[in-house]
Each structure stands twice: as C-alpha cells, then as structure tokens.
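Structure file structure.cif with mmCIF, C-alpha atoms:
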```cif
data_coords
#
loop_
_atom_site.label_atom_id
_atom_site.label_comp_id
_atom_site.auth_asym_id
_atom_site.auth_seq_id
_atom_site.Cartn_x
_atom_site.Cartn_y
_atom_site.Cartn_z
CA MET A 1 0.00 0.00 0.00
CA GLU A 2 2.74 2.45 0.99
CA HIS A 3 4.63 1.46 -2.14
CA VAL A 4 1.64 2.31 -4.29
CA LEU A 5 1.11 5.66 -2.59
CA GLY A 6 4.78 6.59 -2.96
CA PHE A 7 4.89 5.62 -6.61
CA VAL A 8 1.70 7.54 -7.34
CA ALA A 9 3.16 10.63 -5.66
CA LEU A 10 6.32 10.29 -7.75
CA ALA A 11 4.26 9.80 -10.89
CA ALA A 12 2.16 12.89 -10.20
CA GLY A 13 5.32 14.95 -9.70
CA LEU A 14 6.85 13.62 -12.91
CA ILE A 15 3.69 14.23 -14.94
CA ILE A 16 3.48 17.87 -13.83
CA GLY A 17 7.23 18.54 -13.95
CA LEU A 18 7.99 17.03 -17.35
CA GLY A 19 4.85 18.52 -18.83
CA ALA A 20 5.81 21.95 -17.48
CA ILE A 21 9.29 21.70 -19.02
CA GLY A 22 7.86 20.93 -22.44
CA ALA A 23 5.11 23.53 -22.33
CA CYS A 24 7.43 26.28 -21.04
CA ILE A 25 10.09 25.64 -23.69
CA GLY A 26 7.40 25.61 -26.35
CA ILE A 27 5.76 28.84 -25.18
CA GLY A 28 9.17 30.48 -24.74
CA ILE A 29 10.32 29.67 -28.27
CA MET A 30 7.02 30.78 -29.73
CA GLY A 31 6.94 34.01 -27.71
CA SER A 32 10.47 34.95 -28.72
CA LYS A 33 9.72 34.28 -32.37
CA TYR A 34 6.55 36.34 -32.13
CA LEU A 35 8.42 39.31 -30.64
CA GLU A 36 11.12 38.97 -33.28
CA ALA A 37 8.62 38.79 -36.10
CA SER A 38 6.60 41.75 -34.86
CA ALA A 39 9.77 43.81 -34.43
CA ARG A 40 10.60 43.13 -38.07
CA GLN A 41 7.11 43.72 -39.38
CA PRO A 42 4.96 45.64 -36.87
CA GLU A 43 2.05 45.79 -39.32
CA LEU A 44 1.59 42.01 -38.98
CA MET A 45 1.32 42.20 -35.20
CA ASN A 46 -2.47 41.77 -34.93
CA ALA A 47 -2.65 38.89 -37.36
CA LEU A 48 0.22 37.15 -35.61
CA GLN A 49 -1.18 37.78 -32.15
CA THR A 50 -4.35 35.81 -32.89
CA LYS A 51 -2.30 32.90 -34.18
CA MET A 52 0.06 33.11 -31.22
CA PHE A 53 -2.77 32.89 -28.71
CA LEU A 54 -4.27 29.98 -30.62
CA LEU A 55 -0.96 28.11 -30.50
CA ALA A 56 -0.38 29.06 -26.87
CA GLY A 57 -3.69 27.41 -26.04
CA LEU A 58 -2.77 24.32 -28.04
CA ILE A 59 0.62 24.01 -26.32
CA ASP A 60 -0.88 24.70 -22.93
CA ALA A 61 -3.57 22.06 -23.36
CA ALA A 62 -1.34 19.00 -23.21
CA PHE A 63 0.30 20.30 -20.05
CA LEU A 64 -2.97 21.19 -18.37
CA ILE A 65 -4.44 17.80 -19.23
CA GLY A 66 -1.40 16.34 -17.49
CA VAL A 67 -1.96 18.53 -14.45
CA GLY A 68 -5.58 17.42 -14.31
CA ILE A 69 -4.62 13.74 -14.46
CA ALA A 70 -1.87 14.19 -11.87
CA MET A 71 -4.27 15.98 -9.50
CA MET A 72 -6.77 13.19 -9.95
CA PHE A 73 -4.05 10.66 -9.06
CA ALA A 74 -3.15 12.68 -6.00
CA PHE A 75 -6.64 13.17 -4.57
CA ALA A 76 -8.92 10.56 -6.09
CA ASN A 77 -6.31 7.82 -6.39
CA PRO A 78 -7.60 5.13 -8.75
CA PHE A 79 -4.77 2.74 -7.73
CA LYS A 80 -5.96 2.44 -4.14
CA ILE A 81 -6.09 -1.16 -3.01
CA MET B 1 -18.05 22.62 3.75
CA SER B 2 -20.35 20.11 5.35
CA THR B 3 -19.74 17.50 2.74
CA GLY B 4 -18.29 14.80 4.99
CA THR B 5 -19.57 12.42 7.61
CA GLU B 6 -21.15 13.49 10.87
CA ALA B 7 -18.32 12.22 13.08
CA HIS B 8 -15.54 14.23 11.47
CA GLY B 9 -15.17 16.75 8.69
CA PRO B 10 -14.25 15.53 5.23
CA THR B 11 -10.60 14.87 4.53
CA ALA B 12 -9.04 16.63 1.56
CA GLY B 13 -9.41 13.53 -0.56
CA GLU B 14 -13.05 12.98 0.39
CA TYR B 15 -13.89 16.61 -0.33
CA ILE B 16 -12.35 16.48 -3.80
CA VAL B 17 -13.87 13.11 -4.66
CA HIS B 18 -17.28 14.38 -3.56
CA HIS B 19 -16.94 17.41 -5.79
CA LEU B 20 -15.79 15.29 -8.73
CA THR B 21 -18.85 13.04 -8.63
CA HIS B 22 -21.68 13.78 -11.02
CA LEU B 23 -25.34 14.00 -10.17
CA ASN B 24 -26.39 11.14 -12.45
CA SER B 25 -29.43 9.03 -13.10
CA THR B 26 -28.19 6.14 -10.95
CA GLY B 27 -27.94 8.24 -7.78
CA HIS B 28 -24.46 7.03 -6.89
CA ALA B 29 -20.99 7.47 -8.33
CA GLN B 30 -20.32 5.87 -11.70
CA THR B 31 -18.30 2.70 -11.18
CA ALA B 32 -17.44 1.43 -14.65
CA ILE B 33 -15.27 3.67 -16.82
CA ILE B 34 -17.65 3.30 -19.75
CA ASP B 35 -21.30 2.89 -18.89
CA TRP B 36 -23.84 3.86 -21.52
CA SER B 37 -26.82 3.63 -19.17
CA VAL B 38 -25.70 6.55 -16.96
CA TRP B 39 -27.04 10.04 -17.61
CA ASN B 40 -25.11 12.89 -16.05
CA LEU B 41 -28.08 15.06 -15.16
CA ASP B 42 -26.01 18.03 -13.96
CA THR B 43 -24.03 18.24 -17.20
CA LEU B 44 -27.21 17.96 -19.24
CA PHE B 45 -29.06 20.57 -17.19
CA PHE B 46 -26.32 23.20 -17.14
CA SER B 47 -25.30 22.78 -20.77
CA ILE B 48 -28.87 22.96 -22.05
CA ALA B 49 -29.71 25.89 -19.76
CA LEU B 50 -26.62 27.81 -20.88
CA GLY B 51 -27.38 26.93 -24.49
CA ILE B 52 -30.80 28.52 -24.10
CA VAL B 53 -29.21 31.57 -22.45
CA THR B 54 -26.79 31.84 -25.39
CA LEU B 55 -29.58 31.71 -27.94
CA LEU B 56 -31.71 34.23 -26.02
CA LEU B 57 -28.83 36.68 -25.62
CA LEU B 58 -27.82 36.48 -29.28
CA THR B 59 -31.44 36.71 -30.44
CA LYS B 60 -31.97 39.74 -28.23
CA ALA B 61 -28.87 41.41 -29.63
CA ALA B 62 -29.98 40.68 -33.19
CA SER B 63 -33.58 41.82 -32.79
CA LYS B 64 -32.69 45.04 -30.97
CA ALA B 65 -29.82 45.94 -33.31
CA THR B 66 -30.02 49.49 -34.61
CA SER B 67 -28.02 51.13 -37.35
CA GLY B 68 -27.74 54.21 -35.14
CA VAL B 69 -25.46 54.52 -32.14
CA PRO B 70 -25.20 51.00 -30.71
CA GLY B 71 -25.50 50.31 -27.01
CA ARG B 72 -22.72 48.59 -25.11
CA PHE B 73 -24.29 45.15 -25.41
CA GLN B 74 -24.85 45.49 -29.13
CA ALA B 75 -21.31 46.74 -29.64
CA ALA B 76 -19.87 43.76 -27.75
CA VAL B 77 -21.89 41.28 -29.80
CA GLU B 78 -20.93 43.10 -33.00
CA ILE B 79 -17.23 42.84 -32.16
CA LEU B 80 -17.70 39.12 -31.52
CA VAL B 81 -19.64 38.55 -34.75
CA GLU B 82 -17.07 40.46 -36.76
CA MET B 83 -14.20 38.51 -35.19
CA VAL B 84 -15.82 35.17 -35.97
CA ALA B 85 -16.81 36.25 -39.47
CA ASP B 86 -13.21 37.33 -40.18
CA GLN B 87 -11.79 34.02 -38.99
CA ALA B 88 -14.39 32.08 -40.95
CA LYS B 89 -13.59 34.02 -44.12
CA GLY B 90 -9.92 33.13 -43.82
CA ILE B 91 -10.49 29.43 -43.22
CA VAL B 92 -13.67 28.32 -45.01
CA HIS B 93 -13.48 29.53 -48.58
CA SER B 94 -16.96 28.62 -49.76
CA ALA B 95 -19.30 31.57 -49.24
CA GLU B 96 -22.31 29.27 -49.36
CA SER B 97 -21.08 27.06 -46.50
CA ARG B 98 -20.08 30.12 -44.51
CA LYS B 99 -23.74 31.08 -44.19
CA PHE B 100 -24.15 28.06 -41.93
CA VAL B 101 -20.62 27.58 -40.59
CA ALA B 102 -20.00 31.11 -39.29
CA PRO B 103 -23.14 31.18 -37.09
CA VAL B 104 -22.25 27.68 -35.83
CA ALA B 105 -18.81 28.93 -34.84
CA LEU B 106 -20.29 31.99 -33.12
CA THR B 107 -22.80 29.92 -31.17
CA VAL B 108 -20.13 27.40 -30.20
CA PHE B 109 -17.83 30.16 -28.98
CA PHE B 110 -20.49 31.90 -26.94
CA TRP B 111 -21.87 28.67 -25.52
CA ILE B 112 -18.51 27.24 -24.50
CA PHE B 113 -17.48 30.57 -23.05
CA LEU B 114 -20.57 30.59 -20.82
CA MET B 115 -20.12 26.95 -19.82
CA ASN B 116 -16.46 27.49 -18.95
CA SER B 117 -17.42 30.61 -16.98
CA MET B 118 -19.37 28.45 -14.52
CA ASP B 119 -15.90 27.83 -13.05
CA PHE B 120 -15.87 31.37 -11.64
CA LEU B 121 -18.73 30.65 -9.27
CA PRO B 122 -17.47 29.60 -5.83
CA VAL B 123 -16.95 25.82 -5.90
CA ASP B 124 -19.35 25.17 -3.02
CA LEU B 125 -22.09 27.66 -3.90
CA LEU B 126 -24.30 25.72 -6.32
CA PRO B 127 -23.65 22.27 -4.76
CA LYS B 128 -24.66 23.74 -1.38
CA ILE B 129 -27.83 25.30 -2.80
CA TRP B 130 -28.68 22.02 -4.52
CA ALA B 131 -28.07 20.15 -1.24
CA LEU B 132 -30.56 22.50 0.47
CA ILE B 133 -33.14 22.11 -2.30
CA SER B 134 -32.87 18.34 -2.57
CA GLY B 135 -32.74 17.92 1.20
CA ASP B 136 -29.77 15.54 0.94
CA GLU B 137 -26.64 17.10 2.36
CA HIS B 138 -24.45 14.63 0.46
CA ALA B 139 -26.06 15.44 -2.88
CA TYR B 140 -23.61 15.42 -5.75
CA LEU B 141 -23.43 18.28 -8.25
CA ARG B 142 -20.81 19.43 -10.74
CA VAL B 143 -21.52 22.80 -12.26
CA VAL B 144 -19.03 22.99 -15.15
CA PRO B 145 -20.43 21.03 -18.11
CA THR B 146 -17.15 21.31 -20.05
CA ALA B 147 -15.26 19.66 -17.18
CA ASP B 148 -17.19 16.50 -18.03
CA LEU B 149 -15.59 14.40 -20.77
CA ASN B 150 -19.04 13.33 -21.98
CA GLY B 151 -19.98 16.93 -22.67
CA THR B 152 -16.86 17.91 -24.58
CA LEU B 153 -16.64 14.67 -26.57
CA GLY B 154 -20.30 15.11 -27.43
CA MET B 155 -19.54 18.50 -28.91
CA SER B 156 -16.48 17.29 -30.81
CA ILE B 157 -18.50 14.39 -32.25
CA GLY B 158 -21.06 16.97 -33.34
CA VAL B 159 -18.28 18.79 -35.19
CA LEU B 160 -17.18 15.48 -36.74
CA LEU B 161 -20.71 14.91 -38.07
CA ILE B 162 -20.74 18.38 -39.64
CA CYS B 163 -17.36 17.58 -41.23
CA LEU B 164 -18.67 14.32 -42.68
CA TYR B 165 -21.75 16.15 -44.00
CA TYR B 166 -19.61 18.71 -45.80
CA ASN B 167 -17.21 16.04 -47.09
CA ILE B 168 -20.15 14.33 -48.79
CA LYS B 169 -21.83 17.56 -49.87
CA ILE B 170 -18.74 19.13 -51.47
CA LYS B 171 -17.08 16.07 -52.98
CA GLY B 172 -20.12 13.88 -53.55
CA PHE B 173 -20.42 10.48 -51.91
CA GLY B 174 -18.32 8.77 -54.58
CA GLY B 175 -15.69 11.47 -54.51
CA TRP B 176 -15.39 11.24 -50.76
CA ILE B 177 -15.03 7.44 -50.80
CA HIS B 178 -12.45 7.84 -53.55
CA GLU B 179 -10.53 10.29 -51.39
CA LEU B 180 -10.72 8.01 -48.36
CA PHE B 181 -8.84 5.34 -50.29
CA THR B 182 -6.45 7.43 -52.41
CA ALA B 183 -5.32 10.28 -50.12
CA PRO B 184 -2.76 11.01 -48.69
CA PHE B 185 -0.30 8.58 -50.36
CA GLY B 186 -1.72 8.25 -53.84
CA SER B 187 -3.88 6.01 -55.97
CA HIS B 188 -2.45 2.51 -56.15
CA PRO B 189 -4.36 -0.64 -55.14
CA LEU B 190 -1.56 -1.63 -52.76
CA LEU B 191 -1.84 1.72 -50.96
CA TYR B 192 -5.65 1.61 -50.52
CA PRO B 193 -5.66 -0.03 -47.05
CA ILE B 194 -2.85 2.20 -45.77
CA ASN B 195 -4.61 5.32 -47.00
CA PHE B 196 -7.90 4.24 -45.49
CA LEU B 197 -6.24 3.47 -42.16
CA MET B 198 -4.51 6.85 -42.13
CA GLN B 199 -7.78 8.66 -42.83
CA MET B 200 -9.58 6.80 -40.05
CA ILE B 201 -6.76 7.56 -37.59
CA GLU B 202 -6.91 11.20 -38.63
CA PHE B 203 -10.64 11.45 -38.00
CA LEU B 204 -10.33 9.69 -34.66
CA ALA B 205 -7.34 11.75 -33.47
CA LYS B 206 -8.97 15.01 -34.54
CA THR B 207 -12.20 14.29 -32.71
CA VAL B 208 -10.66 12.89 -29.53
CA SER B 209 -8.03 15.62 -29.16
CA HIS B 210 -10.66 18.28 -29.91
CA GLY B 211 -12.80 17.15 -27.00
CA MET B 212 -9.97 16.17 -24.66
CA ARG B 213 -8.27 19.55 -24.96
CA LEU B 214 -11.26 21.49 -23.67
CA PHE B 215 -12.02 18.87 -21.03
CA GLY B 216 -8.43 18.74 -19.73
CA ASN B 217 -8.15 22.48 -19.36
CA MET B 218 -11.45 22.89 -17.56
CA TYR B 219 -10.95 19.81 -15.38
CA ALA B 220 -7.52 20.96 -14.23
CA GLY B 221 -8.86 24.47 -13.60
CA GLU B 222 -11.77 23.12 -11.56
CA LEU B 223 -9.41 20.95 -9.49
CA VAL B 224 -7.10 23.84 -8.72
CA PHE B 225 -10.10 25.90 -7.56
CA MET B 226 -11.03 23.02 -5.24
CA LEU B 227 -7.50 22.84 -3.85
CA ILE B 228 -7.61 26.58 -3.18
CA ALA B 229 -10.97 26.15 -1.48
CA LEU B 230 -9.41 23.45 0.70
CA MET B 231 -6.78 25.95 1.79
CA GLY B 232 -9.55 28.21 3.10
CA GLY B 233 -11.14 25.15 4.68
CA THR B 234 -8.23 24.81 7.11
CA ALA B 235 -9.73 27.84 8.94
CA THR B 236 -6.36 29.32 9.87
CA VAL B 237 -5.09 32.83 9.20
CA PHE B 238 -2.61 31.43 6.71
CA GLY B 239 -5.36 29.44 5.03
CA PHE B 240 -7.74 32.39 4.65
CA LEU B 241 -5.04 34.72 3.33
CA GLY B 242 -3.74 32.03 1.00
CA HIS B 243 -7.27 31.34 -0.20
CA ILE B 244 -7.88 34.98 -1.09
CA VAL B 245 -4.49 35.57 -2.73
CA ALA B 246 -4.23 32.26 -4.59
CA GLY B 247 -7.91 32.32 -5.50
CA SER B 248 -7.71 35.81 -7.02
CA ILE B 249 -4.55 35.01 -8.99
CA TRP B 250 -5.91 31.74 -10.32
CA ALA B 251 -9.28 33.32 -11.17
CA VAL B 252 -7.57 36.05 -13.20
CA PHE B 253 -5.42 33.50 -14.99
CA HIS B 254 -8.46 31.33 -15.53
CA ILE B 255 -10.31 34.14 -17.31
CA LEU B 256 -7.59 33.92 -19.96
CA ILE B 257 -7.87 30.13 -20.20
CA VAL B 258 -11.67 30.22 -20.39
CA ALA B 259 -11.71 32.68 -23.27
CA LEU B 260 -8.74 31.03 -24.97
CA GLN B 261 -10.19 27.53 -24.88
CA ALA B 262 -13.55 28.72 -26.19
CA PHE B 263 -11.69 30.51 -28.98
CA ILE B 264 -9.55 27.45 -29.76
CA PHE B 265 -12.56 25.15 -29.87
CA MET B 266 -14.23 27.56 -32.29
CA MET B 267 -11.11 27.92 -34.45
CA LEU B 268 -10.57 24.17 -34.66
CA THR B 269 -14.23 23.71 -35.57
CA LEU B 270 -13.67 26.12 -38.45
CA VAL B 271 -10.36 24.49 -39.44
CA TYR B 272 -11.84 20.98 -39.50
CA ILE B 273 -14.84 22.11 -41.52
CA GLY B 274 -12.46 23.99 -43.81
CA GLN B 275 -10.46 20.80 -44.32
CA ALA B 276 -13.63 19.02 -45.36
CA HIS B 277 -13.91 21.51 -48.24
CA GLU B 278 -10.43 20.84 -49.61
CA SER B 279 -9.97 17.96 -51.98
CA HIS B 280 -6.63 16.32 -52.46
#
```

Let me see the structure of the file written as structure tokens.
Amino acid sequence: MEHVLGFVALAAGLIIGLGAIGACIGIGIMGSKYLEASARQPELMNALQTKMFLLAGLIDAAFLIGVGIAMMFAFANPFKI
Amino acid sequence: MSTGTEAHGPTAGEYIVHHLTHLNSTGHAQTAIIDWSVWNLDTLFFSIALGIVTLLLLTKAASKATSGVPGRFQAAVEILVEMVADQAKGIVHSAESRKFVAPVALTVFFWIFLMNSMDFLPVDLLPKIWALISGDEHAYLRVVPTADLNGTLGMSIGVLLICLYYNIKIKGFGGWIHELFTAPFGSHPLLYPINFLMQMIEFLAKTVSHGMRLFGNMYAGELVFMLIALMGGTATVFGFLGHIVAGSIWAVFHILIVALQAFIFMMLTLVYIGQAHESH
C-alpha cells in the first residue's frame, strides 16, 4: 500500500514537472519568435497575435491535461487497493 | 463545507472526490469507466440551460440591433460577430457554406465561453444550494459542463458529423469514398488499405483531441479551484489569506484560459470544416 502511494506521488510529480518543461520551452520559443517577427514587421502584429494565442492554447492544453490527471491521481487515487 | 460524515469533517481527498462526482441518473458514483446507461443530469441541465441563455442573448442582440449609435451590449456582440466572421472568411473559402458555418462557430464560442465561466462561481455555492433544495446534504453536483468528458466529446463528435456532411456535400459520396482510399499517399491498389487506415486515424485523433483539450483544461482548472478552497477550509489565518491571494490570482489566470479555450474550440471547428472543403 505504501509502495503504491509513494509511486503515485512520484508519478504525479513527474507528470506535472515534465509537462511543465515541455510547455514552457514551447511557449518560450514561440513568444520569442513572435516578438522577433513583430519587431521586423509591426504591421503584422495583430494577425500574428491571434495565431500566437491559438498556438499558446494548443501548447498549454497537453500540459494542463497532465496537471488534471496528476491531480486526480493525487486526490482521487484510482490505484488504491 | 459540510460534505463529509457526521463524526468528522471531510478529509481533503473525500472533499475532492465528492466534488468530482456527477449527479447522475443512478444516484451514486459511476463505477465502470464506460457505462452507456448513466445520464449525467447536472451536465445535461447546465449545458442545455446555458445553451438557451446563449440563444436568447444572441437573439436579443440581433432583434434590438439598430443602425444608429449601438449600445454597449450590441457593440460587444458586433465585435464578436465580426471577429468570428473574419476568422471564418480566412479558413472556409466557400461563401455558401459560410452562411451556416460562421453562425455555428459563433454559437459554439459563446456557448462554451458561458459553460467554462461556470468555473468562476465559488466551488461550493451551487452544490450547497442544490443540497438544500434536494434535502440531501451529500447530494452530488458538478456545475461545469465542459469539465465532463461526456460533454466535450459530445460537442467534438457533433463537429465530426458536420465535417462528414460537408465532405459528402462538397465532394459527392463517390468522390469522398475515392478520397478516403487514395489520399494522402496516392492512388495505387496496394496503398488503398494504408490510406484508409490513415484517414480513419486522422478522423479519430482530430475528434478525440478536440474534445480532450477542452475537457483537460477545464478539469484541471476546476481541481485547482477546489484545492484553493481546501486551503480556506483549514480555517487558519494562513489558510484564509492564501485562499484569497491564490484564489484571485488563479481566477484572473483562468479568465484567460476560459476565453482562450472557447476561442480554440471555435477555431478548430472552423479548421476541421475547412479541411472538409479541400480535396486532395
């Protein structure tokens, strides 16, 4: 029982941590490219902003799904014996 | 927070599990992962009620629209309509389909925005009121319809059906079947099964990820609100302060997510329907 609880806690930490790494790198790269692009061509800023938010939501989603699953593991543990 | 047993208050786990259980037609928590006989009454009620609110609000805006100086409400709806119409114009190139697709996108956006916004109500408010009305202090109720996988997958399957309709309408039934077997790799009898498999996987992945994305975001958001509520439930100075600070920050951040996810669901609806118009 203790084994299971410990492993689930580790798994929840890994799910959130690894997901956060990926999502943050993704958002960071995209944000920097957006700033670069709008510095080069300020007239495209509005068109790019819509697309950037769309992609930010898409990148964010996988991470937030992971957070949701990890939270479920932590509080409504389905592996309880 | 009188959600637990009489002897002691609910533990953190019990509180969260109680709040994650649907009010369904069986009266107790769903046990099997897939059970077609269960109706989640809370999801159905809130989604249909908010759908009616959406339609009433948009109808009111349309019927009271003046060409003179618009009121604030009319201006807000006009901005929304213009935004959706712009996006639709860029993605769906057939003007005839746009007559149907653009209003669908607008309704979907407004509806999902309202459903997601149920997250901003205090987590215990509506469940508590429902417990008082039903007379059962352990009554289950979940107020966010989009934090239920059944709700979001239902909507994404609806989008899939619209896509299939336009596939058949634009390409003809024969043309669509032809495309199923010849795209994306090309027309050769040996490639037919591979093409067909790829197309099926594409449809499945599109639909599942479409629904899962909205569900995951709202579910995680709802859970974090519950955790913050638990912090206030400790009834200490630290807990109350933490509840107010963390709750305000998360609520502000959640406004962004709510609007963003509604926007993304709408955009992907448009993109998928736009794809149905393109032939390979």

* Within 6 Å of chain A: residues of chain B, using all atoms listed in the file, as a PyMOL selection string -> chain B and resi 13+17+213+216-217+219-220+264

* To do: I need the residue set behind the PyMOL selection byres ((chain B and resi 172-180) around 12) for this file; please write it as an MDAnalysis selection string.
  => chainID B and resid 163:171 181:189 191:203 276:280

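Under the PyMOL selection byres ((chain B and resi 210) around 8), the matching residues in the shown file are B:Leu153, B:Ser156, B:Lys206, B:Thr207, B:Val208, B:Ser209, B:Gly211, B:Met212, B:Arg213, B:Leu214, B:Phe265, B:Leu268.
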
* 10 Å contact set for His18 of chain B, all atoms listed in the file, chain neighbours under 2 positions out, as a ChimeraX atom specification -> /A:76 /B:3-4,10,12-16,20-22,29,138-142

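For the choices B:Gly221, B:Gly232, B:Gly247, B:Gly90, the atom-to-atom distance to Thr146 of chain B is smallest for B:Gly221 when using all atoms listed in the file.
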